[in-house]
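K.L.:
Here you go, one structure.
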2 protein chains.
Amino acid sequence: MTTKMRQKEHINPDASTEEKIKAAARAVFHEKGYAATRTRDIADAAGINLALLNYYFRSKEKLFHIIMSETLQQFFKSLIVIFNHPDSTLEQKIDELCARYIDQLLREPQIPLFIISELRSNGDALTQNHRINLRLKETVFARQLKERIEQKGGTPTEPIHLFLNLIGMTVFPFIAQPVLKQVAEMGEEQFRALMLQRSKMIPQWIKSML
Amino acid sequence: MTTKMRQKEHINPDASTEEKIKAAARAVFHEKGYAATRTRDIADAAGINLALLNYYFRSKEKLFHIIMSETLQQFFKSLIVIFNHPDSTLEQKIDELCARYIDQLLREPQIPLFIISELRSNGDALTQNHRINLRLKETVFARQLKERIEQKGGTPTEPIHLFLNLIGMTVFPFIAQPVLKQVAEMGEEQFRALMLQRSKMIPQWIKSML
DNA sequence: AACAGATTTAATCAATTGATTAAATCAAAT
DNA sequence: ATTTGATTTAATCAATTGATTAAATCTGTT
């Protein structure tokens with residue numbers, strides 16, 4: 001009983017072991033997903049024993065929730081910030097979002113697929129537990145986009161389409177990377193170069209759709 | 001020994017049991033992925049016993065390979081056919097691909113995420129075993145696309161970008177559907193309507209990029 | 001040095017899960 | 001009706017896997 005609560009009794013000033021476990025868990029979970037991950041693999045990757053993992057985090061599920069929370073936070077944070085910036089123009093938001101996300105994803109390319117894969121099984125549970133209330137329609141970006149569309153007389157494109165195109169063109173290549181490598185015979189470096197090109201081109205394409 | 005081979009000794013004219021198992025396996029694998037699938041769940045879904053599943057398919061892995069093969073075939077078949085049609089124009093190919101894929105994916109929305117998720121873990125093994133040699137660069141579509149781009153004097157966009165945009169704008173919403181439902185508060189019917197709109201709009205967007 | 005609490009480990013448990021076996025039932029042919 | 005092979009089931013096995021326990025070691029305090 002008491003033993004099991006020790007890690008809560010005070011904040012660990014060193015935290016190196018706890019951090020090592022979390023780092024290992026993040027890596028393994030991101031690579032394999034929850035179901036395919038063995039807690040022993042996490043322990044091995046962290047260079048510690050399986051019991052220690054459960055001593056620190058009580059269970060695979062609790063550890064996973066922590067990792068998932070941080071991952072969701074990390075992934076959506078820049079999106080929310082950029083979309084709600086009060087001063088920047090619509091064009092600037094598009095430029096910045098594209099540049100920042102591609103930069104971020106080149107460093108951790110497996111995050112989108114990880115999030116989506118896990119969200120498929122759990123659905124509501126995750127977003128509710130982790131407070132991802134990115135109210136898309138209420139962002140500054142959505143308002144600016146709506147105004148811009150109404151200015152143009154032609155066919156009034158729904159804002160959601162442009163949002164899907166922007167995120168899709170940016171994120172989809174990373175999700176499809178495993179397939180791309182096979183189907184288009186593309187190496188790591190080639191892919192990187194391609195995405196750097198896209199960070200300039202996607203904003204142009206999107207603006208031409210406005 | 002001999003018992004285990006029975007199903008191979010002649011072609012089952014009825015085949016209803018084998019088909020029931022395969023149908024159940026397809027459903028469960030597509031929904032949960034290989035690692036999260038329990039063979040007992042497949043057996044239950046098929047209305048038969050676990051032993052019977054192994055009697056017919058020897059192992060979870062072999063059953064999975066069969067399902068994966070058929071799924072890959074099904075998914076890439078229309079792509080390959082359309083991309084290699086000798087007579088249709090570039091525009092017609094874009095129109096047809098978009099329309100057919102969205103129609104197909106509205107019926108089985110979970111296929112892209114299934115394929116990509118499994119390809120992440122296995123990488124090369126799958127595409128080699130299943131002969132997915134979609135040589136993208138050698139398709140009629142790629143040739144037509146390249147010619148079209150060279151006609152225009154401006155900045156010579158790499159064909160791969162347009163390919164990524166086309167597939168991305170079409171397929172990405174299905175992959176991101178679990179997230180969309182949460183983040184954009186979108187129901188089943190709304191999503192369907194959205195994708196039907198897109199099947200008209202994506203070709204226009206793509207053509208404006210040419 | 002000695003104690004107390006925190007950290008770490010080896011050993012083990014219990015549940016899950018893929019797979020097998022041997023027997024029972026069913027269907028068709030003679 | 002009997003036989004033969006195909007289909008189906010109940011029972012069980014062995015390996016994997018998440019989790020626990022009790023003991024050992026380490027760290028800082030007195």
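Identifiers in the structure tokens: chain A, B, ... in order shown; residue index from 1 per chain; ligand index from 1 in order shown.
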Write down, as a PyMOL selection string, each residue of chain B that has any atom within 12 Å of an atom of chain C, counting only C-alpha atoms (C1' of nucleotides).
P.N.:
chain B and resi 1+3-4+35-41+50-55+57-61
K.L.:
Once you count only C-alpha atoms, what closest atom pair and distance in Å to one decimal does each residue of chain A within 9 Å of chain B have, with rows by chain and rising residue number, as a Markdown table?
P.N.:
| residue | atom | partner | partner_atom | distance |
| --- | --- | --- | --- | --- |
| A:Glu31 | CA | B:Ser121 | CA | 7.8 |
| A:Lys32 | CA | B:Ser121 | CA | 6.7 |
| A:Tyr34 | CA | B:Ala36 | CA | 8.6 |
| A:Ala35 | CA | B:Ala36 | CA | 5.3 |
| A:Ala36 | CA | B:Ala35 | CA | 5.3 |
| A:Thr37 | CA | B:Ala35 | CA | 9.0 |
| A:Leu113 | CA | B:Ser117 | CA | 7.5 |
| A:Phe114 | CA | B:Ser117 | CA | 8.8 |
| A:Ile115 | CA | B:Val179 | CA | 8.7 |
| A:Ile116 | CA | B:Ala176 | CA | 6.5 |
| A:Ser117 | CA | B:Ser117 | CA | 7.1 |
| A:Leu119 | CA | B:Pro178 | CA | 6.2 |
| A:Arg120 | CA | B:Pro178 | CA | 5.7 |
| A:Ser121 | CA | B:Lys32 | CA | 6.7 |
| A:Gly123 | CA | B:Pro178 | CA | 6.5 |
| A:Asp124 | CA | B:Gln182 | CA | 7.1 |
| A:Thr127 | CA | B:Gln182 | CA | 7.1 |
| A:Ile132 | CA | B:Val183 | CA | 7.6 |
| A:Asn133 | CA | B:Val183 | CA | 6.9 |
| A:Leu134 | CA | B:Val183 | CA | 6.0 |
| A:Arg135 | CA | B:Val183 | CA | 6.6 |
| A:Leu136 | CA | B:Ala184 | CA | 6.1 |
| A:Lys137 | CA | B:Ala184 | CA | 7.5 |
| A:Ile160 | CA | B:Ala184 | CA | 8.6 |
| A:His161 | CA | B:Arg198 | CA | 7.7 |
| A:Leu164 | CA | B:Pro173 | CA | 7.0 |
| A:Asn165 | CA | B:Met169 | CA | 5.9 |
| A:Ile167 | CA | B:Phe172 | CA | 8.9 |
| A:Gly168 | CA | B:Phe172 | CA | 5.8 |
| A:Met169 | CA | B:Asn165 | CA | 5.9 |
| A:Val171 | CA | B:Phe172 | CA | 8.7 |
| A:Phe172 | CA | B:Gly168 | CA | 5.8 |
| A:Pro173 | CA | B:Leu164 | CA | 7.0 |
| A:Ile175 | CA | B:Ile116 | CA | 7.5 |
| A:Ala176 | CA | B:Ile116 | CA | 6.6 |
| A:Gln177 | CA | B:Arg120 | CA | 8.6 |
| A:Pro178 | CA | B:Arg120 | CA | 5.7 |
| A:Val179 | CA | B:Ile116 | CA | 6.8 |
| A:Lys181 | CA | B:Gly123 | CA | 8.8 |
| A:Gln182 | CA | B:Thr127 | CA | 7.1 |
| A:Val183 | CA | B:Leu134 | CA | 6.0 |
| A:Ala184 | CA | B:Leu136 | CA | 6.1 |
| A:Glu185 | CA | B:Arg135 | CA | 8.7 |
| A:Leu194 | CA | B:His161 | CA | 8.2 |
| A:Arg198 | CA | B:His161 | CA | 7.7 |
| A:Trp205 | CA | B:Met209 | CA | 6.9 |
| A:Ser208 | CA | B:Ser208 | CA | 8.0 |
| A:Met209 | CA | B:Trp205 | CA | 6.9 |
K.L.:
How would the residues just picked look written out with C-alpha atoms as a short mmCIF file (atom, residue, chain, number, x, y, z; two decimals), in the first residue's frame?
P.N.:
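Result saved to result-v7.cif:
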data_model
loop_
_atom_site.label_atom_id
_atom_site.label_comp_id
_atom_site.auth_asym_id
_atom_site.auth_seq_id
_atom_site.Cartn_x
_atom_site.Cartn_y
_atom_site.Cartn_z
CA GLU A 31 6.75 3.49 -33.00
CA LYS A 32 4.52 0.51 -32.29
CA TYR A 34 -0.30 0.74 -27.55
CA ALA A 35 -1.37 -2.80 -28.44
CA ALA A 36 1.92 -3.86 -30.00
CA THR A 37 4.02 -2.39 -27.20
CA LEU A 113 0.07 8.35 -37.36
CA PHE A 114 0.46 7.50 -33.69
CA ILE A 115 -2.29 9.90 -32.63
CA ILE A 116 -4.68 8.86 -35.36
CA SER A 117 -4.10 5.14 -34.83
CA LEU A 119 -7.78 7.65 -31.63
CA ARG A 120 -9.32 5.07 -33.92
CA SER A 121 -9.63 2.48 -31.16
CA GLY A 123 -12.52 7.47 -30.02
CA ASP A 124 -14.10 9.80 -27.51
CA THR A 127 -10.07 13.58 -26.41
CA ILE A 132 -8.44 18.56 -26.64
CA ASN A 133 -11.11 21.14 -27.09
CA LEU A 134 -9.66 22.79 -30.10
CA ARG A 135 -12.89 24.52 -31.06
CA LEU A 136 -11.92 24.91 -34.67
CA LYS A 137 -14.81 27.13 -35.70
CA ILE A 160 -13.53 23.24 -43.54
CA HIS A 161 -12.38 22.27 -47.03
CA LEU A 164 -8.57 19.95 -44.61
CA ASN A 165 -6.45 20.82 -47.62
CA ILE A 167 -3.52 20.12 -42.90
CA GLY A 168 -3.82 17.30 -45.39
CA MET A 169 -1.15 18.52 -47.78
CA VAL A 171 0.58 16.12 -42.68
CA PHE A 172 -0.48 13.44 -45.14
CA PRO A 173 3.00 12.84 -46.60
CA ILE A 175 1.41 9.60 -42.51
CA ALA A 176 1.92 7.95 -45.86
CA GLN A 177 5.70 7.89 -45.56
CA PRO A 178 5.93 4.11 -45.10
CA VAL A 179 3.90 3.63 -48.27
CA LYS A 181 9.11 4.71 -49.45
CA GLN A 182 7.86 1.55 -51.09
CA VAL A 183 5.71 2.90 -53.89
CA ALA A 184 7.80 5.87 -54.99
CA GLU A 185 11.17 4.37 -54.05
CA LEU A 194 10.57 17.09 -50.80
CA ARG A 198 6.39 21.74 -49.93
CA TRP A 205 -1.53 26.40 -53.46
CA SER A 208 -4.78 30.13 -54.94
CA MET A 209 -7.82 28.30 -53.59
#
K.L.:
Please report the interatomic distance between atom CA of A:Gln92 and atom CA of A:Glu70 in Å with one decimal.
P.N.:
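We find that atom CA of A:Gln92 and atom CA of A:Glu70 lie 27.3 Å from each other.
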K.L.:
With the cut-off set at 9 Å and counting only C-alpha atoms (C1' of nucleotides), tabulate each residue of chain D with an atom at most that distance from an atom of chain B, showing the nearest atom pair and its distance in Å to one decimal, ordered by chain and increasing number, as CSV.
P.N.:
residue,atom,partner,partner_atom,distance
D:DA6,C1',B:Arg6,CA,7.8
D:DT7,C1',B:Leu52,CA,8.7
D:DT8,C1',B:Leu52,CA,7.0
D:DT9,C1',B:Asn49,CA,7.3
K.L.:
Store the residues picked out above in a file with C-alpha atoms (C1' of nucleotides), as a PDB file, in the first residue's frame.
P.N.:
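Just written: part.pdb:
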ATOM      1  C1'  DA D   6     -15.174 -33.428 -43.986  1.00  0.00           C
ATOM      2  C1'  DT D   7     -16.656 -30.357 -40.453  1.00  0.00           C
ATOM      3  C1'  DT D   8     -17.124 -28.845 -35.716  1.00  0.00           C
ATOM      4  C1'  DT D   9     -16.498 -28.796 -30.872  1.00  0.00           C
TER       5       DT D   9
END
K.L.:
Which parts of stretch 79-195 of chain B does DSSP call alpha helix (DSSP H) when run on the backbone here, written out as a CSV table (one decimal) with N, CA and C atoms, in the first residue's frame?
P.N.:
chain,number,residue,atom,x,y,z
B,79,LEU,N,-6.6,2.4,-58.6
B,79,LEU,CA,-5.6,3.4,-58.8
B,79,LEU,C,-4.7,3.0,-60.0
B,80,ILE,N,-4.2,1.8,-60.0
B,80,ILE,CA,-3.3,1.3,-61.1
B,80,ILE,C,-4.1,1.4,-62.5
B,81,VAL,N,-5.3,0.9,-62.5
B,81,VAL,CA,-6.1,0.8,-63.7
B,81,VAL,C,-6.3,2.2,-64.3
B,82,ILE,N,-6.7,3.1,-63.4
B,82,ILE,CA,-7.0,4.5,-63.9
B,82,ILE,C,-5.7,5.2,-64.4
B,83,PHE,N,-4.7,5.0,-63.6
B,83,PHE,CA,-3.4,5.7,-63.9
B,83,PHE,C,-2.8,5.2,-65.2
B,90,LEU,N,-5.4,13.6,-69.1
B,90,LEU,CA,-5.0,13.8,-67.7
B,90,LEU,C,-6.1,14.2,-66.8
B,91,GLU,N,-6.9,15.2,-67.3
B,91,GLU,CA,-8.1,15.7,-66.6
B,91,GLU,C,-9.1,14.6,-66.3
B,92,GLN,N,-9.3,13.7,-67.3
B,92,GLN,CA,-10.3,12.6,-67.1
B,92,GLN,C,-9.8,11.7,-66.0
B,93,LYS,N,-8.5,11.4,-66.0
B,93,LYS,CA,-7.9,10.5,-65.0
B,93,LYS,C,-8.1,11.1,-63.6
B,94,ILE,N,-7.9,12.4,-63.5
B,94,ILE,CA,-8.0,13.0,-62.2
B,94,ILE,C,-9.5,13.0,-61.7
B,95,ASP,N,-10.4,13.3,-62.6
B,95,ASP,CA,-11.8,13.2,-62.3
B,95,ASP,C,-12.2,11.8,-61.8
B,96,GLU,N,-11.8,10.9,-62.6
B,96,GLU,CA,-12.3,9.5,-62.3
B,96,GLU,C,-11.7,9.0,-61.0
B,97,LEU,N,-10.4,9.2,-60.9
B,97,LEU,CA,-9.7,8.7,-59.6
B,97,LEU,C,-10.4,9.3,-58.4
B,98,CYS,N,-10.6,10.6,-58.4
B,98,CYS,CA,-11.3,11.2,-57.3
B,98,CYS,C,-12.6,10.6,-57.0
B,99,ALA,N,-13.5,10.6,-58.0
B,99,ALA,CA,-14.8,10.1,-57.9
B,99,ALA,C,-14.8,8.7,-57.4
B,100,ARG,N,-14.0,7.8,-58.0
B,100,ARG,CA,-14.1,6.4,-57.7
B,100,ARG,C,-13.6,6.2,-56.3
B,101,TYR,N,-12.5,6.9,-55.9
B,101,TYR,CA,-11.9,6.6,-54.6
B,101,TYR,C,-12.8,7.1,-53.5
B,102,ILE,N,-13.4,8.2,-53.7
B,102,ILE,CA,-14.3,8.7,-52.6
B,102,ILE,C,-15.5,7.8,-52.5
B,103,ASP,N,-16.0,7.4,-53.6
B,103,ASP,CA,-17.1,6.4,-53.5
B,103,ASP,C,-16.7,5.2,-52.8
B,104,GLN,N,-15.6,4.7,-53.1
B,104,GLN,CA,-15.1,3.4,-52.5
B,104,GLN,C,-14.8,3.6,-51.1
B,105,LEU,N,-14.2,4.7,-50.7
B,105,LEU,CA,-13.8,4.9,-49.3
B,105,LEU,C,-15.0,5.2,-48.4
B,106,LEU,N,-16.1,5.8,-49.0
B,106,LEU,CA,-17.3,6.0,-48.2
B,106,LEU,C,-17.9,4.7,-47.8
B,107,ARG,N,-17.6,3.7,-48.6
B,107,ARG,CA,-18.1,2.3,-48.2
B,107,ARG,C,-17.2,1.6,-47.2
B,111,ILE,N,-10.0,1.5,-44.5
B,111,ILE,CA,-8.9,0.8,-45.3
B,111,ILE,C,-7.6,1.5,-45.3
B,112,PRO,N,-7.6,2.8,-45.6
B,112,PRO,CA,-6.3,3.5,-45.7
B,112,PRO,C,-5.5,3.4,-44.4
B,113,LEU,N,-6.2,3.7,-43.3
B,113,LEU,CA,-5.5,3.7,-42.0
B,113,LEU,C,-5.0,2.3,-41.7
B,114,PHE,N,-5.8,1.3,-42.0
B,114,PHE,CA,-5.4,0.0,-41.8
B,114,PHE,C,-4.1,-0.3,-42.5
B,115,ILE,N,-4.1,0.0,-43.8
B,115,ILE,CA,-2.9,-0.4,-44.6
B,115,ILE,C,-1.7,0.4,-44.1
B,116,ILE,N,-1.8,1.7,-43.8
B,116,ILE,CA,-0.7,2.5,-43.4
B,116,ILE,C,-0.2,2.0,-42.0
B,117,SER,N,-1.1,1.7,-41.1
B,117,SER,CA,-0.7,1.3,-39.8
B,117,SER,C,0.1,0.0,-39.8
B,118,GLU,N,-0.3,-0.9,-40.6
B,118,GLU,CA,0.4,-2.2,-40.7
B,118,GLU,C,1.7,-2.0,-41.4
B,119,LEU,N,1.7,-1.2,-42.4
B,119,LEU,CA,2.9,-1.0,-43.2
B,119,LEU,C,4.0,-0.3,-42.3
B,120,ARG,N,3.6,0.5,-41.3
B,120,ARG,CA,4.5,1.1,-40.4
B,120,ARG,C,5.4,0.1,-39.7
B,121,SER,N,4.7,-0.9,-39.2
B,121,SER,CA,5.5,-1.9,-38.4
B,121,SER,C,6.3,-2.8,-39.3
B,122,ASN,N,5.7,-3.3,-40.4
B,122,ASN,CA,6.4,-4.3,-41.2
B,122,ASN,C,7.3,-3.7,-42.3
B,124,ASP,N,9.1,-3.1,-45.4
B,124,ASP,CA,9.3,-3.8,-46.6
B,124,ASP,C,8.6,-5.2,-46.8
B,125,ALA,N,8.6,-5.9,-45.7
B,125,ALA,CA,8.1,-7.3,-45.7
B,125,ALA,C,6.8,-7.4,-46.5
B,126,LEU,N,5.9,-6.5,-46.2
B,126,LEU,CA,4.5,-6.6,-46.8
B,126,LEU,C,4.5,-6.3,-48.3
B,127,THR,N,5.1,-5.2,-48.7
B,127,THR,CA,5.0,-4.9,-50.1
B,127,THR,C,5.7,-5.9,-51.0
B,128,GLN,N,6.8,-6.5,-50.4
B,128,GLN,CA,7.5,-7.5,-51.2
B,128,GLN,C,6.7,-8.8,-51.3
B,129,ASN,N,6.1,-9.2,-50.1
B,129,ASN,CA,5.3,-10.4,-50.1
B,129,ASN,C,4.1,-10.3,-51.0
B,140,VAL,N,1.0,5.8,-67.2
B,140,VAL,CA,0.6,6.8,-68.2
B,140,VAL,C,0.4,8.1,-67.5
B,141,PHE,N,-0.3,8.1,-66.4
B,141,PHE,CA,-0.6,9.3,-65.6
B,141,PHE,C,0.7,10.1,-65.4
B,142,ALA,N,1.7,9.5,-64.9
B,142,ALA,CA,3.0,10.2,-64.6
B,142,ALA,C,3.5,10.9,-65.9
B,143,ARG,N,3.4,10.1,-67.0
B,143,ARG,CA,4.0,10.7,-68.3
B,143,ARG,C,3.2,11.9,-68.7
B,144,GLN,N,1.8,11.7,-68.6
B,144,GLN,CA,1.0,12.8,-69.0
B,144,GLN,C,1.2,14.1,-68.1
B,145,LEU,N,1.4,13.8,-66.8
B,145,LEU,CA,1.6,14.8,-65.9
B,145,LEU,C,2.9,15.6,-66.2
B,146,LYS,N,3.9,14.8,-66.5
B,146,LYS,CA,5.2,15.4,-66.7
B,146,LYS,C,5.2,16.3,-68.0
B,147,GLU,N,4.5,15.8,-69.0
B,147,GLU,CA,4.4,16.5,-70.3
B,147,GLU,C,3.6,17.9,-70.0
B,148,ARG,N,2.6,17.8,-69.3
B,148,ARG,CA,1.8,18.9,-69.0
B,148,ARG,C,2.6,20.0,-68.3
B,149,ILE,N,3.3,19.5,-67.3
B,149,ILE,CA,4.1,20.5,-66.5
B,149,ILE,C,5.2,21.2,-67.4
B,150,GLU,N,5.8,20.4,-68.3
B,150,GLU,CA,6.8,20.9,-69.1
B,150,GLU,C,6.3,21.9,-70.1
B,151,GLN,N,5.0,21.7,-70.5
B,151,GLN,CA,4.4,22.7,-71.4
B,151,GLN,C,4.4,24.0,-70.8
B,159,PRO,N,6.2,16.3,-60.4
B,159,PRO,CA,5.0,15.5,-60.5
B,159,PRO,C,4.6,14.9,-59.1
B,160,ILE,N,5.5,14.5,-58.4
B,160,ILE,CA,5.2,13.8,-57.1
B,160,ILE,C,4.4,14.7,-56.2
B,161,HIS,N,4.6,16.1,-56.3
B,161,HIS,CA,3.8,17.0,-55.4
B,161,HIS,C,2.4,16.9,-55.8
B,162,LEU,N,2.1,16.9,-57.1
B,162,LEU,CA,0.7,16.9,-57.5
B,162,LEU,C,0.0,15.6,-57.1
B,163,PHE,N,0.8,14.5,-57.3
B,163,PHE,CA,0.3,13.2,-56.9
B,163,PHE,C,0.0,13.2,-55.4
B,164,LEU,N,0.9,13.7,-54.6
B,164,LEU,CA,0.7,13.7,-53.1
B,164,LEU,C,-0.6,14.6,-52.8
B,165,ASN,N,-0.7,15.7,-53.5
B,165,ASN,CA,-1.9,16.6,-53.2
B,165,ASN,C,-3.2,15.8,-53.6
B,166,LEU,N,-3.2,15.2,-54.7
B,166,LEU,CA,-4.4,14.5,-55.2
B,166,LEU,C,-4.8,13.4,-54.2
B,167,ILE,N,-3.9,12.5,-53.9
B,167,ILE,CA,-4.2,11.4,-53.0
B,167,ILE,C,-4.4,12.0,-51.6
B,168,GLY,N,-3.6,12.9,-51.2
B,168,GLY,CA,-3.8,13.5,-49.9
B,168,GLY,C,-5.1,14.1,-49.7
B,169,MET,N,-5.5,15.0,-50.6
B,169,MET,CA,-6.8,15.7,-50.4
B,169,MET,C,-8.0,14.7,-50.4
B,170,THR,N,-7.8,13.6,-51.2
B,170,THR,CA,-8.8,12.6,-51.3
B,170,THR,C,-8.9,11.6,-50.1
B,171,VAL,N,-7.7,11.1,-49.7
B,171,VAL,CA,-7.6,10.1,-48.7
B,171,VAL,C,-7.5,10.6,-47.3
B,172,PHE,N,-6.8,11.7,-47.1
B,172,PHE,CA,-6.5,12.2,-45.8
B,172,PHE,C,-7.7,12.4,-44.9
B,173,PRO,N,-8.8,13.0,-45.4
B,173,PRO,CA,-10.0,13.1,-44.5
B,173,PRO,C,-10.5,11.8,-44.0
B,174,PHE,N,-10.4,10.7,-44.7
B,174,PHE,CA,-10.8,9.4,-44.2
B,174,PHE,C,-9.8,8.9,-43.1
B,175,ILE,N,-8.5,9.2,-43.3
B,175,ILE,CA,-7.6,8.8,-42.3
B,175,ILE,C,-7.8,9.6,-41.0
B,177,GLN,N,-10.5,10.9,-40.0
B,177,GLN,CA,-11.9,11.0,-39.6
B,177,GLN,C,-12.1,10.9,-38.1
B,178,PRO,N,-11.4,10.0,-37.4
B,178,PRO,CA,-11.6,9.9,-35.9
B,178,PRO,C,-11.3,11.2,-35.3
B,179,VAL,N,-10.2,11.9,-35.7
B,179,VAL,CA,-9.9,13.2,-35.2
B,179,VAL,C,-10.9,14.3,-35.5
B,180,LEU,N,-11.3,14.3,-36.8
B,180,LEU,CA,-12.3,15.2,-37.3
B,180,LEU,C,-13.6,15.2,-36.5
B,181,LYS,N,-14.0,14.0,-36.2
B,181,LYS,CA,-15.3,13.9,-35.5
B,181,LYS,C,-15.2,14.6,-34.1
B,182,GLN,N,-14.0,14.5,-33.5
B,182,GLN,CA,-13.8,15.2,-32.2
B,182,GLN,C,-13.6,16.7,-32.4
B,183,VAL,N,-12.7,17.0,-33.2
B,183,VAL,CA,-12.2,18.4,-33.3
B,183,VAL,C,-13.2,19.3,-34.0
B,188,GLU,N,-21.6,11.5,-38.8
B,188,GLU,CA,-21.4,10.6,-40.0
B,188,GLU,C,-22.0,11.2,-41.3
B,189,GLU,N,-23.2,11.7,-41.2
B,189,GLU,CA,-23.9,12.2,-42.4
B,189,GLU,C,-23.2,13.5,-42.9
B,190,GLN,N,-22.8,14.3,-42.0
B,190,GLN,CA,-22.1,15.6,-42.3
B,190,GLN,C,-20.8,15.2,-43.1
B,191,PHE,N,-20.1,14.2,-42.6
B,191,PHE,CA,-18.8,13.8,-43.2
B,191,PHE,C,-19.1,13.3,-44.6
B,192,ARG,N,-20.1,12.5,-44.8
B,192,ARG,CA,-20.4,12.0,-46.1
B,192,ARG,C,-20.7,13.1,-47.1
B,193,ALA,N,-21.5,14.1,-46.6
B,193,ALA,CA,-21.9,15.2,-47.5
B,193,ALA,C,-20.6,16.0,-47.9
B,194,LEU,N,-19.7,16.2,-46.9
B,194,LEU,CA,-18.5,16.9,-47.2
B,194,LEU,C,-17.7,16.2,-48.2
B,195,MET,N,-17.6,14.9,-48.1
B,195,MET,CA,-16.7,14.2,-49.1
B,195,MET,C,-17.3,14.1,-50.5
K.L.:
How many Å separate atom CA of B:Ala43 from atom CA of B:Ser16?
P.N.:
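Interatomic distance here is 14.1 Å.
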K.L.:
Expressed in Å to a single decimal, how great is the separation between atom CA of A:Lys200 and atom CA of B:Lys200?
P.N.:
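The value is 26.2 Å.
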